[in-house]
>>> print(open('input37.json').read())   # JSON, C-alpha atoms
[["chain", "number", "residue", "atom", "x", "y", "z"],
["A", 1314, "MET", "CA", 0.00, 0.00, 0.00],
["A", 1315, "ILE", "CA", 2.86, 2.39, 0.80],
["A", 1316, "VAL", "CA", 4.35, 1.83, -2.69],
["A", 1317, "LEU", "CA", 1.01, 2.80, -4.26],
["A", 1318, "GLU", "CA", 0.87, 5.89, -2.08],
["A", 1319, "TYR", "CA", 4.32, 7.12, -3.12],
["A", 1320, "LEU", "CA", 3.58, 6.32, -6.79],
["A", 1321, "LEU", "CA", 0.38, 8.37, -6.65],
["A", 1322, "LEU", "CA", 2.15, 11.27, -4.94],
["A", 1323, "PHE", "CA", 4.83, 11.20, -7.67],
["A", 1324, "PHE", "CA", 2.19, 11.31, -10.42],
["A", 1325, "LEU", "CA", 0.39, 14.11, -8.53],
["A", 1326, "VAL", "CA", 3.49, 16.31, -8.58],
["A", 1327, "MET", "CA", 4.20, 15.41, -12.22],
["A", 1328, "SER", "CA", 0.68, 16.32, -13.38],
["A", 1329, "ALA", "CA", 0.84, 19.63, -11.47],
["A", 1330, "ILE", "CA", 4.17, 20.48, -13.18],
["A", 1331, "MET", "CA", 2.71, 19.50, -16.58],
["A", 1332, "ALA", "CA", -0.29, 21.79, -15.99],
["A", 1333, "VAL", "CA", 2.06, 24.73, -15.36],
["A", 1334, "ILE", "CA", 4.54, 24.02, -18.21],
["A", 1335, "PHE", "CA", 2.21, 23.92, -21.23],
["A", 1336, "ASP", "CA", 1.25, 27.14, -22.98],
["A", 1337, "GLU", "CA", -1.92, 25.74, -24.55],
["A", 1338, "GLU", "CA", -4.81, 26.36, -22.09],
["A", 1339, "LEU", "CA", -6.79, 23.27, -23.09],
["A", 1340, "ILE", "CA", -3.94, 20.88, -22.21],
["A", 1341, "SER", "CA", -3.50, 22.64, -18.86],
["A", 1342, "ILE", "CA", -7.17, 22.11, -18.04],
["A", 1343, "ILE", "CA", -6.96, 18.42, -18.91],
["A", 1344, "PHE", "CA", -3.91, 18.02, -16.66],
["A", 1345, "LEU", "CA", -5.73, 19.81, -13.82],
["A", 1346, "SER", "CA", -8.54, 17.28, -14.21],
["A", 1347, "ILE", "CA", -6.02, 14.41, -14.00],
["A", 1348, "PHE", "CA", -4.54, 16.10, -10.90],
["A", 1349, "SER", "CA", -7.98, 16.07, -9.24],
["A", 1350, "ILE", "CA", -8.56, 12.40, -10.02],
["A", 1351, "ILE", "CA", -5.17, 11.37, -8.56],
["A", 1352, "LEU", "CA", -5.87, 13.53, -5.50],
["A", 1353, "THR", "CA", -9.20, 11.70, -5.06],
["A", 1354, "ALA", "CA", -7.37, 8.35, -4.98],
["A", 1355, "ILE", "CA", -4.92, 9.69, -2.38],
["A", 1356, "TYR", "CA", -7.79, 10.93, -0.18],
["A", 1357, "LEU", "CA", -9.37, 7.47, -0.40],
["A", 1358, "ILE", "CA", -6.11, 5.86, 0.72],
["A", 1359, "TYR", "CA", -6.06, 8.23, 3.71],
["A", 1360, "ARG", "CA", -9.70, 7.23, 4.46],
["A", 1361, "ALA", "CA", -11.26, 10.69, 4.01],
["A", 1362, "ALA", "CA", -14.26, 9.61, 1.96],
["A", 1363, "ASP", "CA", -16.13, 12.89, 2.38],
["A", 1364, "VAL", "CA", -13.31, 15.01, 0.99],
["A", 1365, "ALA", "CA", -12.70, 12.46, -1.78],
["A", 1366, "LEU", "CA", -16.29, 12.74, -2.98],
["A", 1367, "ALA", "CA", -16.16, 16.54, -2.94],
["A", 1368, "GLU", "CA", -12.82, 16.58, -4.77],
["A", 1369, "ALA", "CA", -14.01, 14.15, -7.46],
["A", 1370, "VAL", "CA", -17.22, 16.05, -8.12],
["A", 1371, "ILE", "CA", -15.88, 19.60, -7.96],
["A", 1372, "GLY", "CA", -12.31, 19.19, -9.20],
["A", 1373, "ALA", "CA", -12.82, 16.75, -12.03],
["A", 1374, "GLY", "CA", -16.36, 17.61, -13.06],
["A", 1375, "LEU", "CA", -17.43, 21.16, -12.35],
["A", 1376, "ASN", "CA", -14.08, 22.96, -12.58],
["A", 1377, "THR", "CA", -13.33, 21.46, -15.98],
["A", 1378, "ALA", "CA", -16.68, 22.54, -17.42],
["A", 1379, "ILE", "CA", -16.45, 26.08, -16.04],
["A", 1380, "PHE", "CA", -12.82, 26.50, -17.20],
["A", 1381, "MET", "CA", -13.76, 25.24, -20.68],
["A", 1382, "SER", "CA", -16.54, 27.81, -21.05],
["A", 1383, "ALA", "CA", -14.25, 30.58, -19.75],
["A", 1384, "ILE", "CA", -11.52, 29.58, -22.24],
["A", 1385, "SER", "CA", -13.97, 29.62, -25.14],
["A", 1386, "GLN", "CA", -15.03, 33.16, -24.16],
["A", 1387, "ILE", "CA", -11.41, 34.39, -24.06],
["A", 1388, "ARG", "CA", -10.69, 32.94, -27.52],
["A", 1389, "LYS", "CA", -13.73, 34.71, -28.99],
["A", 1390, "GLY", "CA", -12.38, 38.01, -27.69],
["A", 1391, "LYS", "CA", -8.94, 37.53, -29.31],
["A", 1392, "SER", "CA", -9.95, 36.74, -32.88],
["B", 877, "MET", "CA", -45.17, 58.82, 10.49],
["B", 878, "LYS", "CA", -44.70, 55.63, 8.49],
["B", 879, "GLN", "CA", -40.93, 56.03, 8.61],
["B", 880, "LYS", "CA", -41.04, 56.51, 12.37],
["B", 881, "LEU", "CA", -42.98, 53.25, 12.72],
["B", 882, "GLN", "CA", -40.37, 51.50, 10.58],
["B", 883, "HIS", "CA", -37.57, 52.86, 12.76],
["B", 884, "ILE", "CA", -39.31, 51.63, 15.93],
["B", 885, "ILE", "CA", -39.80, 48.14, 14.46],
["B", 886, "VAL", "CA", -36.15, 47.95, 13.39],
["B", 887, "ILE", "CA", -34.98, 49.05, 16.86],
["B", 888, "ILE", "CA", -37.16, 46.40, 18.58],
["B", 889, "ILE", "CA", -35.93, 43.60, 16.28],
["B", 890, "LEU", "CA", -32.28, 44.61, 16.71],
["B", 891, "THR", "CA", -32.66, 44.73, 20.50],
["B", 892, "ILE", "CA", -34.23, 41.26, 20.63],
["B", 893, "SER", "CA", -31.62, 39.70, 18.35],
["B", 894, "GLY", "CA", -28.80, 41.41, 20.24],
["B", 895, "ALA", "CA", -30.12, 39.99, 23.52],
["B", 896, "ALA", "CA", -30.37, 36.53, 21.93],
["B", 897, "VAL", "CA", -26.75, 36.70, 20.73],
["B", 898, "PHE", "CA", -25.59, 37.90, 24.15],
["B", 899, "PHE", "CA", -27.29, 35.09, 26.06],
["B", 900, "ASN", "CA", -26.09, 32.48, 23.57],
["B", 901, "LEU", "CA", -22.49, 33.64, 23.95],
["B", 902, "LYS", "CA", -22.84, 33.54, 27.71],
["B", 903, "VAL", "CA", -24.03, 29.91, 27.63],
["B", 904, "MET", "CA", -21.32, 28.88, 25.14],
["B", 905, "THR", "CA", -18.61, 29.04, 27.83],
["B", 906, "ILE", "CA", -19.64, 25.65, 29.22],
["B", 907, "TYR", "CA", -17.61, 24.10, 26.39],
["B", 908, "LYS", "CA", -14.39, 25.47, 27.88],
["B", 909, "ASP", "CA", -13.30, 22.81, 30.37],
["B", 910, "ILE", "CA", -13.52, 19.49, 28.57],
["B", 911, "PRO", "CA", -10.79, 16.88, 29.16],
["B", 912, "GLY", "CA", -8.97, 16.05, 25.94],
["B", 913, "GLY", "CA", -10.25, 18.97, 23.96],
["B", 914, "ILE", "CA", -13.28, 19.46, 21.77],
["B", 915, "SER", "CA", -12.33, 16.82, 19.16],
["B", 916, "ARG", "CA", -12.19, 14.05, 21.77],
["B", 917, "TYR", "CA", -15.60, 15.18, 23.00],
["B", 918, "ILE", "CA", -17.13, 15.06, 19.50],
["B", 919, "ILE", "CA", -15.69, 11.61, 18.73],
["B", 920, "SER", "CA", -16.97, 10.19, 22.03],
["B", 921, "PHE", "CA", -20.40, 11.82, 22.29],
["B", 922, "GLY", "CA", -21.24, 12.82, 18.71],
["B", 923, "LEU", "CA", -23.53, 9.87, 17.97],
["B", 924, "GLN", "CA", -25.25, 10.25, 21.34],
["B", 925, "ASP", "CA", -25.79, 13.99, 20.90],
["B", 926, "THR", "CA", -26.94, 14.17, 17.29],
["B", 927, "GLY", "CA", -27.92, 10.62, 16.25],
["B", 928, "SER", "CA", -25.92, 10.97, 13.02],
["B", 929, "LEU", "CA", -23.60, 8.11, 12.05],
["B", 930, "ASN", "CA", -21.49, 10.34, 9.79],
["B", 931, "LEU", "CA", -19.55, 12.55, 12.19],
["B", 932, "VAL", "CA", -18.46, 14.99, 9.47],
["B", 933, "THR", "CA", -22.09, 15.80, 8.71],
["B", 934, "ALA", "CA", -22.78, 16.03, 12.44],
["B", 935, "ILE", "CA", -20.07, 18.68, 12.78],
["B", 936, "LEU", "CA", -21.07, 20.57, 9.63],
["B", 937, "TYR", "CA", -24.81, 20.77, 10.24],
["B", 938, "ASP", "CA", -25.12, 20.52, 14.01],
["B", 939, "TYR", "CA", -22.08, 21.63, 16.03],
["B", 940, "ARG", "CA", -20.85, 24.17, 13.45],
["B", 941, "ALA", "CA", -24.10, 24.84, 11.57],
["B", 942, "PHE", "CA", -23.61, 28.59, 11.82],
["B", 943, "ASP", "CA", -20.38, 28.20, 9.84],
["B", 944, "SER", "CA", -22.24, 26.31, 7.09],
["B", 945, "MET", "CA", -24.77, 29.13, 6.96],
["B", 946, "GLY", "CA", -21.93, 31.57, 6.30],
["B", 947, "GLU", "CA", -20.60, 29.35, 3.51],
["B", 948, "SER", "CA", -23.98, 29.17, 1.80],
["B", 949, "THR", "CA", -24.21, 32.97, 2.07],
["B", 950, "VAL", "CA", -20.85, 33.16, 0.25],
["B", 951, "ILE", "CA", -22.23, 30.97, -2.56],
["B", 952, "PHE", "CA", -25.29, 33.21, -2.78],
["B", 953, "GLY", "CA", -23.06, 36.28, -3.11],
["B", 954, "ALA", "CA", -20.96, 34.64, -5.83],
["B", 955, "VAL", "CA", -24.06, 33.68, -7.83],
["B", 956, "SER", "CA", -25.49, 37.19, -7.52],
["B", 957, "GLY", "CA", -22.26, 38.83, -8.68],
["B", 958, "ILE", "CA", -21.72, 36.51, -11.65],
["B", 959, "VAL", "CA", -25.31, 36.86, -12.84],
["B", 960, "LEU", "CA", -25.11, 40.65, -12.48],
["B", 961, "ILE", "CA", -21.92, 40.89, -14.56],
["B", 962, "LEU", "CA", -22.32, 38.16, -17.16],
["B", 963, "SER", "CA", -25.96, 37.78, -18.09],
["B", 964, "ARG", "CA", -27.90, 40.83, -19.18],
["B", 965, "LYS", "CA", -31.02, 38.98, -20.28],
["B", 966, "MET", "CA", -32.32, 35.52, -19.44],
["B", 967, "LEU", "CA", -32.92, 34.51, -23.07],
["B", 968, "PRO", "CA", -33.05, 31.00, -24.51],
["B", 969, "VAL", "CA", -29.94, 30.95, -26.71],
["B", 970, "SER", "CA", -29.24, 27.67, -28.44],
["B", 971, "SER", "CA", -26.22, 25.79, -29.62],
["B", 972, "LYS", "CA", -26.48, 22.72, -31.80],
["B", 973, "GLY", "CA", -25.27, 20.21, -29.25],
["B", 974, "LEU", "CA", -23.21, 17.10, -29.84],
["B", 975, "SER", "CA", -23.82, 14.08, -32.09],
["B", 976, "PHE", "CA", -26.70, 11.60, -31.99],
["B", 977, "ILE", "CA", -24.72, 8.83, -30.25],
["B", 978, "VAL", "CA", -23.72, 11.09, -27.36],
["B", 979, "LYS", "CA", -27.29, 12.33, -26.97],
["B", 980, "ARG", "CA", -28.74, 8.79, -26.75],
["B", 981, "THR", "CA", -26.02, 7.55, -24.35],
["B", 982, "LEU", "CA", -26.43, 10.45, -21.95],
["B", 983, "GLY", "CA", -30.21, 10.13, -22.22],
["B", 984, "ILE", "CA", -29.85, 6.68, -20.69],
["B", 985, "MET", "CA", -27.25, 7.76, -18.11],
["B", 986, "THR", "CA", -28.80, 11.00, -16.81],
["B", 987, "PRO", "CA", -31.61, 9.46, -14.67],
["B", 988, "PHE", "CA", -29.02, 7.39, -12.80],
["B", 989, "ILE", "CA", -26.90, 10.48, -12.16],
["B", 990, "ALA", "CA", -30.00, 12.19, -10.73],
["B", 991, "LEU", "CA", -30.74, 9.12, -8.57],
["B", 992, "PHE", "CA", -27.16, 9.10, -7.26],
["B", 993, "SER", "CA", -27.32, 12.80, -6.38],
["B", 994, "ILE", "CA", -30.59, 12.32, -4.49],
["B", 995, "TYR", "CA", -29.05, 9.32, -2.67],
["B", 996, "VAL", "CA", -26.00, 11.35, -1.63],
["B", 997, "ILE", "CA", -28.19, 14.21, -0.37],
["B", 998, "THR", "CA", -30.74, 12.16, 1.59],
["B", 999, "HIS", "CA", -28.24, 9.69, 3.08],
["B", 1000, "GLY", "CA", -25.90, 12.46, 4.19],
["B", 1001, "HIS", "CA", -26.16, 11.50, 7.86],
["B", 1002, "LEU", "CA", -25.51, 7.78, 7.24],
["B", 1003, "THR", "CA", -22.86, 7.49, 4.51],
["B", 1004, "PRO", "CA", -20.09, 9.79, 3.23],
["B", 1005, "GLY", "CA", -21.44, 12.76, 1.35],
["B", 1006, "GLY", "CA", -24.00, 15.35, 2.24],
["B", 1007, "GLY", "CA", -25.78, 18.37, 0.91],
["B", 1008, "PHE", "CA", -22.84, 20.09, -0.74],
["B", 1009, "GLN", "CA", -21.51, 17.10, -2.71],
["B", 1010, "GLY", "CA", -24.98, 15.96, -3.78],
["B", 1011, "GLY", "CA", -25.86, 19.48, -4.84],
["B", 1012, "VAL", "CA", -22.82, 19.70, -7.11],
["B", 1013, "ILE", "CA", -23.82, 16.39, -8.76],
["B", 1014, "LEU", "CA", -27.29, 17.91, -9.26],
["B", 1015, "ALA", "CA", -25.68, 20.90, -10.98],
["B", 1016, "ALA", "CA", -23.74, 18.48, -13.24],
["B", 1017, "ILE", "CA", -27.07, 17.35, -14.74],
["B", 1018, "SER", "CA", -27.81, 20.91, -15.85],
["B", 1019, "ILE", "CA", -24.27, 21.21, -17.27],
["B", 1020, "ILE", "CA", -24.77, 17.96, -19.25],
["B", 1021, "PHE", "CA", -28.04, 19.32, -20.66],
["B", 1022, "SER", "CA", -26.49, 22.60, -21.82],
["B", 1023, "ILE", "CA", -23.38, 21.01, -23.35],
["B", 1024, "VAL", "CA", -24.87, 17.89, -24.97],
["B", 1025, "TYR", "CA", -28.40, 18.96, -25.93],
["B", 1026, "GLY", "CA", -27.82, 22.69, -26.43],
["B", 1027, "SER", "CA", -28.72, 25.45, -23.99],
["B", 1028, "ALA", "CA", -32.27, 25.93, -25.36],
["B", 1029, "PHE", "CA", -33.11, 22.41, -24.07],
["B", 1030, "ASP", "CA", -31.78, 23.35, -20.64],
["B", 1031, "TYR", "CA", -33.83, 26.56, -20.75],
["B", 1032, "LYS", "CA", -37.01, 24.62, -21.61],
["B", 1033, "ARG", "CA", -36.55, 21.92, -18.94],
["B", 1034, "TYR", "CA", -35.13, 23.98, -16.08],
["B", 1035, "SER", "CA", -35.65, 27.67, -16.72],
["B", 1036, "PRO", "CA", -33.48, 30.17, -14.80],
["B", 1037, "GLN", "CA", -36.56, 31.47, -12.97],
["B", 1038, "MET", "CA", -37.22, 27.95, -11.64],
["B", 1039, "LYS", "CA", -33.57, 27.63, -10.57],
["B", 1040, "THR", "CA", -33.88, 30.93, -8.69],
["B", 1041, "VAL", "CA", -36.98, 29.65, -6.90],
["B", 1042, "MET", "CA", -35.13, 26.42, -6.00],
["B", 1043, "GLU", "CA", -32.17, 28.30, -4.57],
["B", 1044, "THR", "CA", -34.38, 30.59, -2.50],
["B", 1045, "THR", "CA", -36.36, 27.59, -1.22],
["B", 1046, "GLY", "CA", -33.14, 25.90, -0.05],
["B", 1047, "ALA", "CA", -31.94, 29.00, 1.78],
["B", 1048, "LEU", "CA", -35.35, 29.53, 3.41],
["B", 1049, "MET", "CA", -35.43, 25.88, 4.59],
["B", 1050, "PHE", "CA", -32.04, 26.33, 6.29],
["B", 1051, "ILE", "CA", -33.00, 29.62, 7.97],
["B", 1052, "SER", "CA", -36.44, 28.38, 9.08],
["B", 1053, "ILE", "CA", -34.92, 25.27, 10.67],
["B", 1054, "GLY", "CA", -32.62, 27.63, 12.56],
["B", 1055, "VAL", "CA", -35.51, 29.79, 13.76],
["B", 1056, "LEU", "CA", -37.50, 26.68, 14.80],
["B", 1057, "GLY", "CA", -34.47, 25.73, 16.88],
["B", 1058, "VAL", "CA", -34.86, 28.98, 18.82],
["B", 1059, "PHE", "CA", -38.48, 28.18, 19.68],
["B", 1060, "PHE", "CA", -38.22, 24.45, 20.48],
["B", 1061, "GLU", "CA", -34.69, 23.92, 21.82],
["B", 1062, "GLY", "CA", -33.57, 27.35, 22.93],
["B", 1063, "PHE", "CA", -30.68, 28.10, 20.54],
["B", 1064, "PHE", "CA", -30.39, 29.21, 16.92],
["B", 1065, "LEU", "CA", -29.72, 26.21, 14.60],
["B", 1066, "ASP", "CA", -29.85, 23.72, 17.47],
["B", 1067, "ASN", "CA", -30.76, 20.16, 16.50],
["B", 1068, "LEU", "CA", -34.50, 19.44, 16.76],
["B", 1069, "ASN", "CA", -34.19, 16.31, 18.87],
["B", 1070, "PHE", "CA", -37.90, 15.47, 18.98],
["B", 1071, "LEU", "CA", -37.78, 14.63, 15.24],
["B", 1072, "GLY", "CA", -35.09, 12.01, 15.71],
["B", 1073, "GLY", "CA", -35.63, 8.29, 15.26],
["B", 1074, "LYS", "CA", -33.40, 5.28, 15.85],
["B", 1075, "PRO", "CA", -29.79, 6.02, 14.76],
["B", 1076, "GLY", "CA", -28.97, 4.24, 11.50],
["B", 1077, "THR", "CA", -32.40, 4.58, 9.88],
["B", 1078, "LEU", "CA", -33.20, 7.06, 7.12],
["B", 1079, "LEU", "CA", -35.48, 9.31, 9.19],
["B", 1080, "SER", "CA", -33.19, 9.96, 12.12],
["B", 1081, "ALA", "CA", -30.71, 12.56, 13.39],
["B", 1082, "GLY", "CA", -33.30, 15.26, 14.04],
["B", 1083, "SER", "CA", -33.08, 18.19, 11.65],
["B", 1084, "ILE", "CA", -29.85, 17.17, 9.86],
["B", 1085, "PRO", "CA", -31.59, 15.53, 6.81],
["B", 1086, "ILE", "CA", -33.79, 18.62, 6.30],
["B", 1087, "ILE", "CA", -30.76, 20.94, 6.40],
["B", 1088, "ASN", "CA", -28.99, 18.57, 3.96],
["B", 1089, "LEU", "CA", -31.93, 18.82, 1.56],
["B", 1090, "GLY", "CA", -31.95, 22.62, 1.76],
["B", 1091, "ILE", "CA", -28.19, 22.92, 1.19],
["B", 1092, "GLY", "CA", -28.40, 20.46, -1.73],
["B", 1093, "LEU", "CA", -31.12, 22.44, -3.49],
["B", 1094, "LYS", "CA", -29.32, 25.71, -2.87],
["B", 1095, "VAL", "CA", -25.85, 24.61, -4.06],
["B", 1096, "GLY", "CA", -27.17, 22.70, -7.09],
["B", 1097, "ALA", "CA", -29.34, 25.55, -8.34],
["B", 1098, "GLY", "CA", -26.66, 28.16, -7.65],
["B", 1099, "LEU", "CA", -23.88, 26.39, -9.56],
["B", 1100, "ALA", "CA", -26.28, 25.65, -12.44],
["B", 1101, "ILE", "CA", -27.12, 29.36, -12.64],
["B", 1102, "ILE", "CA", -23.40, 30.23, -12.73],
["B", 1103, "PHE", "CA", -22.71, 27.80, -15.58],
["B", 1104, "TYR", "CA", -25.82, 28.81, -17.53],
["B", 1105, "SER", "CA", -25.00, 32.52, -17.41],
["B", 1106, "MET", "CA", -21.42, 31.86, -18.58],
["B", 1107, "ILE", "CA", -22.31, 29.60, -21.51],
["B", 1108, "GLN", "CA", -25.17, 31.87, -22.58],
["B", 1109, "LYS", "CA", -22.90, 34.81, -23.38],
["B", 1110, "THR", "CA", -20.51, 32.51, -25.27],
["B", 1111, "PHE", "CA", -23.13, 31.35, -27.71],
["B", 1112, "ARG", "CA", -24.81, 34.73, -28.12],
["B", 1113, "GLU", "CA", -21.62, 36.23, -29.51],
["B", 1114, "GLU", "CA", -21.21, 33.29, -31.85],
["B", 1115, "LEU", "CA", -24.57, 33.71, -33.54]]
>>> encode(input="input37.json", output="structure tokens")
Amino acid sequence: MIVLEYLLLFFLVMSAIMAVIFDEELISIIFLSIFSIILTAIYLIYRAADVALAEAVIGAGLNTAIFMSAISQIRKGKS
Amino acid sequence: MKQKLQHIIVIIILTISGAAVFFNLKVMTIYKDIPGGISRYIISFGLQDTGSLNLVTAILYDYRAFDSMGESTVIFGAVSGIVLILSRKMLPVSSKGLSFIVKRTLGIMTPFIALFSIYVITHGHLTPGGGFQGGVILAAISIIFSIVYGSAFDYKRYSPQMKTVMETTGALMFISIGVLGVFFEGFFLDNLNFLGGKPGTLLSAGSIPIINLGIGLKVGAGLAIIFYSMIQKTFREEL
């Protein structure tokens, strides 16, 4: 179990770095969504089911949709 | 004359509520000398006090219910600000939506998502979850409608006026449970213990399921309004 925990933490940090590095906004949003899903698994390992449910619903579902609509508005303004 | 009457009524209400706050704060000091701190007390006596198996919900909607009321006020303020800035008119503006396969697949899946959200809201005092998480899943249904079927479909099924009514109903349920607590138990937002059944059944834990339902309605409708007002402006500029 401890190996899985360290592996997930490593992927968490990697996905956060990936989200910062890329210039394209769409790829950053997808990596933020992956970050939320890995964070949900880590919360489940630490037995915080309440926080895991909130993180899965808000981080992976709602944030992605709202960021997508905001990004589409910004692109309309540029062109 | 009318204004003078208004002033007198306001002064009376402020005096009564100030006295209520003062006496509540005076009584609160009995929590000071507990061996092992407040967390030890909640873990040992939480089930006995509230009748809720899920201790996180017991803290959120019973011990620290005033805090949750502040959070829901913050959500209300955010919704008001975003609607004021982003959406000038509540018009049905349509996009085409996605392909036929996606529409059929999500048509089968959406009732189960709604069922899961209602399960999370109503079983908030028994299993992990609660009003906030279930409400966000409820808002996800509205987001699916506006992305997959086009926002005119979302406008026809759940119009923004109906969402406003739902949000106000949720907030009024929370506040009225708090005021009932003053009359029956003596404190604002105290748990109504005479409603409680056997711990572990669906209708137990006093007023916690009712507060869960109110918070779920409020959060779901509020986040749906935020998403609807954002996507509406996007598609109006496109047309």
>>> closest_atom_pairs(input="input37.json", of="chain A", to="chain B", cutoff="8 Å", atoms="only C-alpha atoms", output="tab-separated table")
residue	atom	partner	partner_atom	distance
A:Ala1362	CA	B:Pro1004	CA	6.0
A:Asp1363	CA	B:Pro1004	CA	5.1
A:Leu1366	CA	B:Gly1005	CA	6.7
A:Ala1367	CA	B:Gln1009	CA	5.4
A:Val1370	CA	B:Ile1013	CA	6.6
A:Ile1371	CA	B:Val1012	CA	7.0
A:Gly1374	CA	B:Ala1016	CA	7.4
A:Leu1375	CA	B:Ala1016	CA	6.9
A:Ala1378	CA	B:Ile1019	CA	7.7
A:Ile1379	CA	B:Phe1103	CA	6.5
A:Ser1382	CA	B:Ile1107	CA	6.1
A:Ala1383	CA	B:Met1106	CA	7.4
A:Ser1385	CA	B:Thr1110	CA	7.2
A:Gln1386	CA	B:Thr1110	CA	5.6
>>> closest_residue(input="input37.json", among="B:Ile918, B:Leu936, B:Met945, B:Ile888", to="Ser1052 in chain B", atoms="only C-alpha atoms")
B:Met945
>>> closest_residue(input="input37.json", among="B:Tyr937, B:Phe898, B:Phe921, B:Phe976", to="Leu1068 in chain B", atoms="all atoms listed in the file")
B:Tyr937
>>> atom_distance(input="input37.json", atom1="CA of Ile951 in chain B", atom2="CA of Lys1094 in chain B")
8.8 Å
>>> atom_distance(input="input37.json", atom1="CA of Phe952 in chain B", atom2="CA of Gly1026 in chain B")
26.0 Å
>>> atom_distance(input="input37.json", atom1="CA of Gly973 in chain B", atom2="CA of Val1024 in chain B")
4.9 Å
>>> closest_residue(input="input37.json", among="B:Leu1071, B:Ile1101, B:Leu1056, B:His1001", to="Ala954 in chain B", atoms="all atoms listed in the file")
B:Ile1101
>>> residues_around(input="input37.json", residues="Ser1328 in chain A", least_positions_apart="4", cutoff="8 Å", atoms="only C-alpha atoms", output="list in words")
Phe1324, Ala1332, Phe1344, Leu1345, Ile1347 and Phe1348 of chain A
